[in-house]
$ cat target23.txt   # compact mmCIF, C-alpha atoms and all ligand atoms
# COMPACT_ATOMS: atom_id res chain seq x y z
CA MET A 1 -0.76 8.16 11.57
CA GLY A 2 0.72 4.72 11.24
CA SER A 3 -0.87 3.59 14.47
CA THR A 4 -3.46 1.35 12.81
CA LEU A 5 -0.78 -0.44 10.85
CA ALA A 6 1.57 -0.73 13.81
CA HIS A 7 -1.26 -2.06 15.94
CA GLU A 8 -2.27 -4.63 13.33
CA ILE A 9 1.29 -5.80 12.86
CA ASN A 10 2.19 -5.79 16.53
CA GLN A 11 -0.78 -7.98 17.41
CA PRO A 12 0.32 -10.99 15.34
CA LEU A 13 3.93 -10.37 16.40
CA THR A 14 2.96 -10.51 20.05
CA ALA A 15 1.02 -13.71 19.39
CA ILE A 16 4.03 -15.22 17.59
CA THR A 17 6.30 -14.35 20.50
CA SER A 18 3.94 -15.88 23.08
CA TYR A 19 3.58 -19.09 21.08
CA LEU A 20 7.34 -19.32 20.76
CA LYS A 21 7.80 -18.80 24.50
CA GLY A 22 5.29 -21.60 25.05
CA CYS A 23 7.24 -23.86 22.68
CA GLY A 24 10.48 -23.00 24.49
CA MET A 25 8.97 -24.00 27.83
CA ILE A 26 7.65 -27.29 26.47
CA LEU A 27 10.99 -28.00 24.83
CA SER A 28 12.93 -27.43 28.03
CA GLY A 29 11.12 -30.42 29.53
CA ILE A 30 11.83 -32.77 26.65
CA GLU A 31 14.91 -34.79 25.84
CA GLY A 32 16.00 -36.29 22.57
CA GLU A 33 18.63 -35.89 19.89
CA LYS A 34 16.61 -33.45 17.75
CA VAL A 35 15.39 -31.30 20.65
CA ALA A 36 18.47 -29.06 20.65
CA LEU A 37 17.93 -28.38 16.96
CA VAL A 38 14.30 -27.46 17.47
CA ARG A 39 15.19 -25.30 20.48
CA HIS A 40 17.73 -23.46 18.35
CA ALA A 41 15.12 -22.92 15.61
CA VAL A 42 12.58 -21.63 18.14
CA ASN A 43 15.13 -19.19 19.57
CA GLU A 44 16.01 -17.96 16.08
CA ALA A 45 12.33 -17.50 15.28
CA ALA A 46 11.89 -15.44 18.45
CA GLU A 47 14.87 -13.28 17.44
CA GLU A 48 13.33 -12.73 14.00
CA ALA A 49 9.99 -11.75 15.56
CA LEU A 50 11.85 -9.16 17.63
CA ARG A 51 13.62 -7.92 14.52
CA ALA A 52 10.29 -7.56 12.72
CA GLY A 53 9.04 -5.51 15.67
CA GLU A 54 12.04 -3.21 15.29
CA VAL A 55 11.37 -2.81 11.54
CA ILE A 56 7.79 -1.82 12.29
CA ARG A 57 8.95 0.68 14.88
CA GLN A 58 11.29 2.30 12.36
CA LEU A 59 8.60 2.27 9.70
CA ARG A 60 6.22 4.04 12.06
CA GLU A 61 8.79 6.70 12.75
CA PHE A 62 9.39 7.16 9.04
CA VAL A 63 5.69 7.44 8.23
CA ALA A 64 5.10 9.80 11.15
CA ARG A 65 7.98 12.06 10.09
CA GLY A 66 6.73 12.34 6.52
CA GLY A 67 3.14 12.70 7.64
CA SER A 68 3.02 16.43 8.05
CA GLU A 69 4.33 17.51 4.68
CA HIS A 70 1.11 18.02 2.79
CA GLN A 71 0.97 20.17 -0.32
CA ILE A 72 -1.52 21.05 -2.99
CA GLU A 73 -0.73 18.97 -6.06
CA GLY A 74 -2.26 18.57 -9.49
CA LEU A 75 -3.61 15.05 -9.61
CA GLN A 76 -2.51 14.28 -13.14
CA ARG A 77 1.12 15.16 -12.52
CA LEU A 78 1.14 13.26 -9.26
CA VAL A 79 -0.13 10.10 -10.96
CA GLU A 80 2.03 10.49 -14.06
CA GLU A 81 5.23 10.90 -12.03
CA ALA A 82 4.56 7.83 -9.94
CA SER A 83 3.57 5.83 -13.00
CA ALA A 84 6.74 6.75 -14.87
CA LEU A 85 8.75 5.30 -12.02
CA ALA A 86 6.56 2.22 -11.61
CA LEU A 87 6.50 1.53 -15.33
CA VAL A 88 10.25 1.32 -15.79
CA GLY A 89 10.71 -1.94 -17.63
CA ALA A 90 7.00 -2.37 -18.38
CA LYS A 91 7.56 -2.19 -22.14
CA GLU A 92 9.97 -5.10 -22.03
CA LYS A 93 7.34 -7.01 -20.12
CA GLU A 94 4.95 -6.22 -22.99
CA VAL A 95 2.40 -4.40 -20.88
CA LYS A 96 0.14 -1.99 -22.72
CA VAL A 97 -0.58 1.07 -20.59
CA GLU A 98 -3.43 3.53 -20.91
CA PHE A 99 -4.21 6.66 -18.91
CA ASP A 100 -7.49 8.46 -18.53
CA PHE A 101 -7.71 11.70 -16.53
CA PRO A 102 -10.58 14.11 -16.04
CA SER A 103 -10.10 17.20 -18.21
CA GLU A 104 -10.44 19.63 -15.28
CA ASN A 105 -7.27 18.22 -13.59
CA PRO A 106 -8.42 18.29 -9.96
CA LEU A 107 -6.14 19.47 -7.18
CA VAL A 108 -5.50 17.38 -4.10
CA PHE A 109 -3.92 18.21 -0.75
CA VAL A 110 -1.53 15.35 -0.10
CA ASN A 111 1.83 14.13 1.01
CA ARG A 112 3.21 13.56 -2.47
CA VAL A 113 5.78 10.92 -1.50
CA GLN A 114 3.21 8.86 0.35
CA ILE A 115 0.53 8.95 -2.35
CA GLN A 116 3.12 8.13 -5.00
CA GLN A 117 4.20 5.20 -2.84
CA VAL A 118 0.61 3.91 -2.94
CA LEU A 119 0.48 4.24 -6.73
CA LEU A 120 3.88 2.63 -7.14
CA ASN A 121 2.77 -0.33 -5.10
CA LEU A 122 -0.53 -0.76 -6.96
CA ILE A 123 1.09 -0.47 -10.40
CA ARG A 124 3.96 -2.84 -9.57
CA ASN A 125 1.53 -5.40 -8.17
CA ALA A 126 -0.57 -5.07 -11.34
CA ILE A 127 2.42 -5.64 -13.60
CA GLU A 128 3.52 -8.63 -11.56
CA ALA A 129 0.02 -10.11 -11.71
CA MET A 130 0.15 -9.99 -15.52
CA GLN A 131 3.46 -11.80 -15.85
CA ASP A 132 1.94 -15.19 -16.58
CA VAL A 133 -1.02 -14.17 -18.73
CA SER A 134 -1.07 -13.35 -22.42
CA LEU A 135 -3.31 -10.26 -22.32
CA ARG A 136 -1.40 -7.52 -20.48
CA GLU A 137 -3.32 -4.29 -20.27
CA LEU A 138 -2.93 -1.74 -17.54
CA MET A 139 -5.42 1.09 -17.21
CA ILE A 140 -4.71 3.98 -14.85
CA ARG A 141 -7.63 6.33 -14.54
CA ALA A 142 -8.96 9.10 -12.37
CA ARG A 143 -12.53 10.24 -12.11
CA ALA A 144 -13.90 13.20 -10.21
CA ILE A 145 -16.87 12.67 -7.92
CA GLN A 146 -17.79 16.32 -7.67
CA SER A 147 -20.81 15.88 -5.40
CA ASP A 148 -18.51 14.53 -2.67
CA SER A 149 -15.42 16.65 -3.48
CA LEU A 150 -13.53 13.46 -4.17
CA VAL A 151 -11.42 12.01 -6.90
CA GLN A 152 -11.29 8.26 -7.43
CA ILE A 153 -8.08 6.81 -8.82
CA SER A 154 -8.17 3.31 -10.28
CA VAL A 155 -5.47 0.90 -11.36
CA GLN A 156 -6.90 -1.91 -13.45
CA ASP A 157 -5.06 -4.95 -14.77
CA THR A 158 -5.88 -8.01 -16.83
CA GLY A 159 -3.79 -10.25 -14.58
CA SER A 160 -4.35 -13.42 -12.62
CA GLY A 161 -6.96 -11.91 -10.32
CA ILE A 162 -7.17 -12.46 -6.58
CA PRO A 163 -8.68 -15.60 -5.04
CA PRO A 164 -11.52 -14.86 -2.56
CA GLU A 165 -9.51 -16.10 0.46
CA VAL A 166 -6.70 -13.61 -0.34
CA LEU A 167 -9.15 -10.83 -1.18
CA LYS A 168 -10.68 -11.10 2.31
CA ASN A 169 -7.35 -10.29 4.00
CA LEU A 170 -5.84 -8.20 1.24
CA PHE A 171 -5.14 -5.10 3.31
CA LYS A 172 -3.99 -6.99 6.41
CA PRO A 173 -0.25 -7.05 7.06
CA PHE A 174 1.69 -10.11 5.92
CA THR A 175 -0.90 -11.19 3.36
CA THR A 176 1.17 -12.37 0.43
CA THR A 177 1.10 -15.04 -2.24
CA LYS A 178 4.61 -14.19 -3.44
CA GLN A 179 7.62 -16.25 -2.53
CA SER A 180 9.71 -13.21 -1.72
CA GLY A 181 6.77 -10.92 -0.84
CA MET A 182 6.51 -9.16 2.50
CA GLY A 183 2.80 -8.59 2.24
CA VAL A 184 2.95 -5.14 3.77
CA GLY A 185 2.55 -2.97 0.64
CA LEU A 186 -1.22 -2.90 0.68
CA SER A 187 -1.57 -2.46 4.42
CA ILE A 188 0.80 0.52 4.26
CA SER A 189 -1.19 1.83 1.29
CA ARG A 190 -4.39 1.60 3.29
CA THR A 191 -2.83 3.45 6.23
CA ILE A 192 -1.64 6.21 3.90
CA VAL A 193 -4.94 6.58 2.02
CA GLU A 194 -7.00 6.58 5.23
CA SER A 195 -4.72 9.15 6.85
CA HIS A 196 -5.56 11.36 3.85
CA GLY A 197 -9.26 10.87 4.56
CA GLY A 198 -9.74 8.47 1.64
CA LYS A 199 -10.72 4.84 1.15
CA ILE A 200 -9.04 2.02 -0.74
CA TRP A 201 -10.62 -1.19 -2.00
CA ALA A 202 -10.25 -3.86 -4.65
CA GLU A 203 -12.47 -5.73 -7.05
CA SER A 204 -11.23 -8.86 -8.68
CA ILE A 205 -12.38 -11.67 -10.90
CA PRO A 206 -9.92 -14.58 -10.76
CA GLY A 207 -8.67 -15.30 -14.26
CA GLU A 208 -9.82 -11.91 -15.60
CA GLY A 209 -8.08 -9.24 -13.59
CA THR A 210 -8.15 -6.84 -10.71
CA THR A 211 -9.00 -3.21 -10.15
CA PHE A 212 -7.82 -1.24 -7.15
CA HIS A 213 -9.58 2.03 -6.38
CA PHE A 214 -8.75 4.74 -3.90
CA THR A 215 -10.21 8.12 -3.17
CA LEU A 216 -8.69 11.44 -2.21
CA ARG A 217 -10.41 14.65 -1.23
CA THR A 218 -10.13 17.38 -3.81
CA VAL A 219 -9.18 20.94 -2.98
CA ASP A 220 -11.70 23.63 -3.89
CA LYS A 221 -11.37 27.41 -4.00
CA GLU A 222 -12.31 27.80 -0.33
CA ASP A 223 -9.61 25.35 0.74
CA MET A 224 -7.08 27.15 -1.45
CA ALA A 225 -7.95 30.43 0.24
CA SER A 226 -7.52 28.96 3.73
CA VAL A 227 -4.17 27.38 2.82
CA GLU A 228 -2.96 30.72 1.44
CA HIS A 229 -4.22 32.47 4.54
CA ALA A 230 -2.38 29.99 6.80
CA ASP A 231 0.76 30.50 4.72
CA ARG A 232 0.57 34.25 5.21
CA VAL A 233 -0.11 33.91 8.92
CA CYS A 234 2.78 31.46 9.38
CA GLY A 235 5.00 33.46 7.07
CA GLY A 236 5.53 30.37 4.93
P1 LIG B 301 3.41 -8.25 -1.61
O1 LIG B 301 3.42 -7.62 -2.99
O2 LIG B 301 4.71 -8.12 -0.89
O3 LIG B 301 2.90 -9.67 -1.58
P2 LIG B 301 1.13 -6.50 -1.08
O4 LIG B 301 0.53 -6.10 0.23
O5 LIG B 301 1.49 -5.43 -2.01
O6 LIG B 301 2.38 -7.39 -0.69
O7 LIG B 301 0.14 -7.51 -1.81
C1 LIG B 301 -0.43 -8.59 -1.10
C2 LIG B 301 -0.93 -9.68 -2.03
O8 LIG B 301 -2.08 -9.22 -2.73
C3 LIG B 301 0.03 -10.14 -3.11
O9 LIG B 301 0.93 -11.10 -2.65
C4 LIG B 301 -0.90 -10.70 -4.16
O10 LIG B 301 -1.28 -12.01 -3.85
C5 LIG B 301 -2.15 -9.86 -4.00
N1 LIG B 301 -2.25 -8.80 -5.03
C6 LIG B 301 -2.02 -7.49 -4.88
N2 LIG B 301 -2.25 -6.82 -6.03
C7 LIG B 301 -2.65 -7.72 -6.93
C8 LIG B 301 -3.06 -7.66 -8.32
N3 LIG B 301 -3.09 -6.51 -8.98
N4 LIG B 301 -3.42 -8.82 -8.91
C9 LIG B 301 -3.40 -9.99 -8.25
N5 LIG B 301 -3.03 -10.13 -6.95
C10 LIG B 301 -2.65 -9.00 -6.31
$ encode --input "target23.txt" --output "structure tokens" --more "lines below"
Ligand code: ADP
Amino acid sequence: MGSTLAHEINQPLTAITSYLKGCGMILSGIEGEKVALVRHAVNEAAEEALRAGEVIRQLREFVARGGSEHQIEGLQRLVEEASALALVGAKEKEVKVEFDFPSENPLVFVNRVQIQQVLLNLIRNAIEAMQDVSLRELMIRARAIQSDSLVQISVQDTGSGIPPEVLKNLFKPFTTTKQSGMGVGLSISRTIVESHGGKIWAESIPGEGTTFHFTLRTVDKEDMASVEHADRVCGG
């Protein structure tokens, strides 16, 4: 859990640090009035890279700690709760929201906080992407794929869309087009979904909108029985 993300983030951080060390060495052999300034900037950048490494370490710990608390949840409630939180202020932003859930309300075995974090991130991104367009429609839907014991959750917007060069790296850490964006939301989302045995992907047409999909395994009667059995055995 979290190791994929930490690995992906640590790799560029290590590269940044080595490049900065290289710069520092080159700078130590150069003289000139602006060199001290550049040296200072390089040192600061190295400090920041270290700080980022520390943030990642803490994030990993956080994700790992929350990773074991899985529960059986009704999908509809799970999605509705997260949406309510994510949609605070959506009305003022004139976003029309629609939900569509399968009538049988599938059950999923998940870490609620983590899956709601994924939804929150997808919905907030969708709302942000619709800020500068006139048609603002958000569709949150779930669809059961019974043959595979899966449910597919989709968040569709009519926003700006994602240019192909961003789409390629969408789930990689630090991919952002926002001035104050960190670009880690989607990579964390991918780590969470994959640790639940699901997949996450996006489809986008620039100028028309974007749809994010992710899958979760559904819980059937057999799974329910084994969870209950484990509960009895563990006395939980
Ligand atoms: P952040 O929101 O901090 O930039 P994310 O990982 O959540 O980080 O998103 C990465 C990038 O993906 C965003 O900066 C944006 O360019 C793009 N993106 C994500 N969701 C959407 C969306 N629904 N519509 C358009 N672009 C999106």
$ atom_distance --input "target23.txt" --atom1 "atom P2 of ligand LIG 301 (chain B)" --atom2 "CA of Thr176 in chain A"
6.1 Å
$ closest_residue --input "target23.txt" --among "A:His196, A:Glu208, A:Ala144, A:Gly24" --to "Pro163 in chain A" --atoms "all atoms listed in the file"
A:Glu208
$ closest_residue --input "target23.txt" --among "A:Lys96, A:Arg51, A:Arg39, A:Arg136" --to "Gly209 in chain A" --atoms "only C-alpha atoms"
A:Arg136
$ residues_near_ligand --input "target23.txt" --ligand "ligand LIG 301 (chain B)" --cutoff "6 Å" --atoms "only C-alpha atoms and all ligand atoms" --output "list in words"
Asn125, Ala126, Ala129, Gly159, Ser160, Gly161, Ile162, Leu170, Thr175, Thr176, Thr177, Lys178, Gly181, Met182, Gly183, Val184, Gly185, Leu186, Ser187 and Thr210 of chain A
$ atom_distance --input "target23.txt" --atom1 "CA of His70 in chain A" --atom2 "CA of Arg124 in chain A"
24.4 Å
$ atom_distance --input "target23.txt" --atom1 "CA of Leu85 in chain A" --atom2 "CA of Ser149 in chain A"
28.0 Å
$ residues_around --input "target23.txt" --residues "Glu48 in chain A" --least-positions-apart "6" --cutoff "12 Å" --atoms "only C-alpha atoms" --output "list of chain:residue names"
A:Leu13, A:Ile16, A:Thr17, A:Leu20, A:Ala41, A:Val42, A:Glu54, A:Val55
$ closest_residue --input "target23.txt" --among "A:Trp201, A:Phe99, A:Tyr19, A:Phe171" --to "Thr215 in chain A" --atoms "all atoms listed in the file"
A:Trp201
$ closest_residue --input "target23.txt" --among "A:Asp132, A:Met224, A:Val118, A:Pro164" --to "Ala86 in chain A" --atoms "only C-alpha atoms"
A:Val118
$ closest_residue --input "target23.txt" --among "A:Ala6, A:Val113, A:Val151, A:Met130" --to "Ala52 in chain A" --atoms "only C-alpha atoms"
A:Ala6
$ residues_around --input "target23.txt" --residues "Val95 in chain A" --least-positions-apart "3" --cutoff "7 Å" --atoms "all atoms listed in the file" --output "list in words"
Ala90, Lys91, Arg136, Glu137 and Leu138 of chain A
$ closest_residue --input "target23.txt" --among "A:Pro173, A:Gly207, A:Gly198, A:Gly53" --to "Val108 in chain A" --atoms "all atoms listed in the file"
A:Gly198
$ residues_around --input "target23.txt" --residues "Ala84 in chain A" --least-positions-apart "5" --cutoff "12 Å" --atoms "only C-alpha atoms" --output "list in words"
Arg77, Leu78, Val79, Gly89, Ala90, Lys91, Val97, Phe99, Gln116, Leu119, Leu120, Ile123, Arg124 and Ile140 of chain A
$ residues_around --input "target23.txt" --residues "Pro106 in chain A" --least-positions-apart "3" --cutoff "8 Å" --atoms "all atoms listed in the file" --output "PyMOL selection string"
chain A and resi 74-76+102+144+151+218-219
